[in-house]
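Before any comments, here is the structure.
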Amino acid sequence: MKCTCEGEFSPLSNTTTFKSINAPLRTDKEFRAGAYPDHVKVISPLLEIPDIDIITDVIISESLHLFYLGILKRLLFGWRDGKLGKCYKWSGMQCDSVSEHLVGIELPSEIHRRFRRLDELKNWKGTELASFLHYAGLVVLKVLPSEAYEHFLLLFCAVTMLSSNEFKKNWHVAGKMLETFVIQYGQIYGEQYLTSNVHNLLHVLDEVRHFGPLPSLSAFRYENKLQFIKKSLRGTNRPLAQAANRNIELQNFFTIANNTVPSYPLTKNNKTNDLLITSGFLLQNNNRNGWFLTLDKQIIRYQSFVFDSETEIRIEGFVLPGNIDYFQYPIKSNHLYVFRGNRRDLRKKSSMFKLSDIKCKLAAVTTNDGDEHVFVPLLHTLR
């Protein structure tokens, strides 16, 4: 869709492959002038929209379908079932080990779905795959050969950087990583697997620069709304009218009793822990929700909060000293605020912090041996 790379049919995989990484880009001017007769089946009504660039403004970097349900799910099926070459097929013991590790991971409460076993991979939702790519994959995929694991890290690092404005100055580095990922994909798994999805990774950087980080291009919100619309239908007759009527009924049924906007932070005390809710995340005295990173890159285990004045809140927590990189390739993990550490090393004496000291909330993913945690930033909380 974005360039003039021509597909080649591969009898090995029975798919069309796209091997070129530097084919000339298509342009709106040439599209309208009919320069791509083999590329256009019919005249698109989108061309009638004022000021639209038919090449630039039609995206392919929608993360739900390109990265999660596309690239990542294909890799997972390849490793589990050997569909990307037998040399990287996991044994039954390895599949069981990965599955046991996955179901034991507790991600923060902002992530609503727990992981399921690999034998249920066919039914994994997009949110599960997203959580795997962003938080769990870099830990549980240590079972892969080093070549394949480092190849996955290229994808993890690139997607992480392109998912937040925090890393905007390094988006060009992420683009280089995706290009390397595509080149190595053919070398590791075979050129017969260089499908259009893999090729489209080469054009992600341009779209992120044009539209913004990957979450702003996601279809998750629309998929959620479609689920509601589907459940509101009672038959195949006049579905649009049915959906509209159900929407009007809901608007008439529900009344908003209180229009006030919550004043954050919200607090709740009980005997076991102190719950602190901000506009973007919550903190709680447990391993699932109890970790955050400060602006000066200190990993903190949340303990409780106190009111410094009538409105000012101070956070009490324990510092985990000695931030250690979890990986060195393709960049040092500290550039993405990813570290490893052992909670047994927490300082005995607590420290106090302001809410404004928090850089982001952290997901604490246990390693295979269970002794260490890998701390990964919860992407939407980065600032």
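Ordering of the structure tokens sets the chain letters (A, B, ...), residue numbers begin anew at 1 in every chain, and ligands are numbered from 1 in the order given.
Taking stretch 116-274 of chain A and asking which residues DSSP calls strand (DSSP E) on the backbone, you get A:Leu266, A:Thr267, A:Lys268, A:Asn269, A:Asp274.
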Please provide the set of residues having any atom within 8 Å of stretch 128-135 of chain A, restricted to only C-alpha atoms, with same-chain residues fewer than 4 positions apart removed, written as a PDB file with N, CA, C and O atoms, in the first residue's frame.
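Result went into out_32.pdb, see below:
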```
ATOM      1  N   LEU A  64      -3.272  -3.102  16.860  1.00  0.00           N
ATOM      2  CA  LEU A  64      -4.017  -4.306  17.211  1.00  0.00           C
ATOM      3  C   LEU A  64      -3.840  -5.391  16.158  1.00  0.00           C
ATOM      4  O   LEU A  64      -3.553  -6.550  16.474  1.00  0.00           O
ATOM      5  N   TYR A  68      -0.093  -7.087  17.207  1.00  0.00           N
ATOM      6  CA  TYR A  68      -0.545  -8.084  18.178  1.00  0.00           C
ATOM      7  C   TYR A  68      -1.168  -9.308  17.506  1.00  0.00           C
ATOM      8  O   TYR A  68      -0.690 -10.430  17.669  1.00  0.00           O
ATOM      9  N   LEU A  69      -2.257  -9.090  16.756  1.00  0.00           N
ATOM     10  CA  LEU A  69      -2.900 -10.209  16.073  1.00  0.00           C
ATOM     11  C   LEU A  69      -2.149 -10.637  14.814  1.00  0.00           C
ATOM     12  O   LEU A  69      -2.440 -11.696  14.250  1.00  0.00           O
ATOM     13  N   LEU A  72       3.066 -10.727  16.171  1.00  0.00           N
ATOM     14  CA  LEU A  72       3.340 -11.472  17.394  1.00  0.00           C
ATOM     15  C   LEU A  72       2.638 -12.827  17.401  1.00  0.00           C
ATOM     16  O   LEU A  72       3.239 -13.852  17.752  1.00  0.00           O
ATOM     17  N   LYS A  73       1.363 -12.850  17.032  1.00  0.00           N
ATOM     18  CA  LYS A  73       0.639 -14.120  17.055  1.00  0.00           C
ATOM     19  C   LYS A  73       1.244 -15.118  16.071  1.00  0.00           C
ATOM     20  O   LYS A  73       1.315 -16.316  16.343  1.00  0.00           O
ATOM     21  N   ILE A 111      -4.263  -3.515  33.704  1.00  0.00           N
ATOM     22  CA  ILE A 111      -4.340  -4.526  32.643  1.00  0.00           C
ATOM     23  C   ILE A 111      -5.304  -5.599  33.117  1.00  0.00           C
ATOM     24  O   ILE A 111      -5.020  -6.335  34.062  1.00  0.00           O
ATOM     25  N   ARG A 113      -6.857  -8.392  31.711  1.00  0.00           N
ATOM     26  CA  ARG A 113      -6.861  -9.814  31.366  1.00  0.00           C
ATOM     27  C   ARG A 113      -5.602 -10.510  31.874  1.00  0.00           C
ATOM     28  O   ARG A 113      -4.501 -10.032  31.680  1.00  0.00           O
ATOM     29  N   ARG A 114      -5.802 -11.670  32.480  1.00  0.00           N
ATOM     30  CA  ARG A 114      -4.679 -12.515  32.861  1.00  0.00           C
ATOM     31  C   ARG A 114      -4.246 -13.348  31.653  1.00  0.00           C
ATOM     32  O   ARG A 114      -5.016 -13.578  30.729  1.00  0.00           O
ATOM     33  N   PHE A 115      -3.012 -13.809  31.681  1.00  0.00           N
ATOM     34  CA  PHE A 115      -2.512 -14.659  30.612  1.00  0.00           C
ATOM     35  C   PHE A 115      -3.114 -16.059  30.705  1.00  0.00           C
ATOM     36  O   PHE A 115      -3.371 -16.566  31.803  1.00  0.00           O
ATOM     37  N   TRP A 124      -6.607 -16.332  22.259  1.00  0.00           N
ATOM     38  CA  TRP A 124      -6.083 -15.134  22.940  1.00  0.00           C
ATOM     39  C   TRP A 124      -6.660 -13.870  22.316  1.00  0.00           C
ATOM     40  O   TRP A 124      -6.792 -13.760  21.098  1.00  0.00           O
ATOM     41  N   PHE A 156      10.417  -5.674  20.422  1.00  0.00           N
ATOM     42  CA  PHE A 156      10.009  -5.127  21.711  1.00  0.00           C
ATOM     43  C   PHE A 156      10.487  -3.687  21.877  1.00  0.00           C
ATOM     44  O   PHE A 156       9.717  -2.797  22.244  1.00  0.00           O
ATOM     45  N   THR A 160       8.038  -0.401  21.860  1.00  0.00           N
ATOM     46  CA  THR A 160       8.022   0.384  23.098  1.00  0.00           C
ATOM     47  C   THR A 160       8.308   1.853  22.822  1.00  0.00           C
ATOM     48  O   THR A 160       7.594   2.748  23.295  1.00  0.00           O
ATOM     49  N   ALA A 363       5.430  -2.511  35.966  1.00  0.00           N
ATOM     50  CA  ALA A 363       4.962  -3.894  36.032  1.00  0.00           C
ATOM     51  C   ALA A 363       6.144  -4.746  36.478  1.00  0.00           C
ATOM     52  O   ALA A 363       7.237  -4.646  35.920  1.00  0.00           O
ATOM     53  N   VAL A 365       7.567  -8.294  36.594  1.00  0.00           N
ATOM     54  CA  VAL A 365       7.415  -9.627  35.997  1.00  0.00           C
ATOM     55  C   VAL A 365       8.466 -10.552  36.599  1.00  0.00           C
ATOM     56  O   VAL A 365       9.669 -10.270  36.521  1.00  0.00           O
ATOM     57  N   VAL A 376       9.182  -3.271  34.156  1.00  0.00           N
ATOM     58  CA  VAL A 376       8.894  -2.689  32.845  1.00  0.00           C
ATOM     59  C   VAL A 376       7.891  -1.556  33.034  1.00  0.00           C
ATOM     60  O   VAL A 376       6.888  -1.724  33.741  1.00  0.00           O
TER      61      VAL A 376
END
```
How many Å separate atom CA of A:Asn334 from atom CA of A:Asp296?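 Computed distance, atom CA of A:Asn334 to atom CA of A:Asp296, equals 11.9 Å.
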Please list as a count of residues only every residue within 7 Å of A:Tyr193, counting only C-alpha atoms and excluding residues in the same chain fewer than 6 positions away. 3
Any idea what the distance is between atom CA of A:Asn22 and atom CA of A:Ser61?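 Result for atom CA of A:Asn22 versus atom CA of A:Ser61: 17.9 Å, one decimal.
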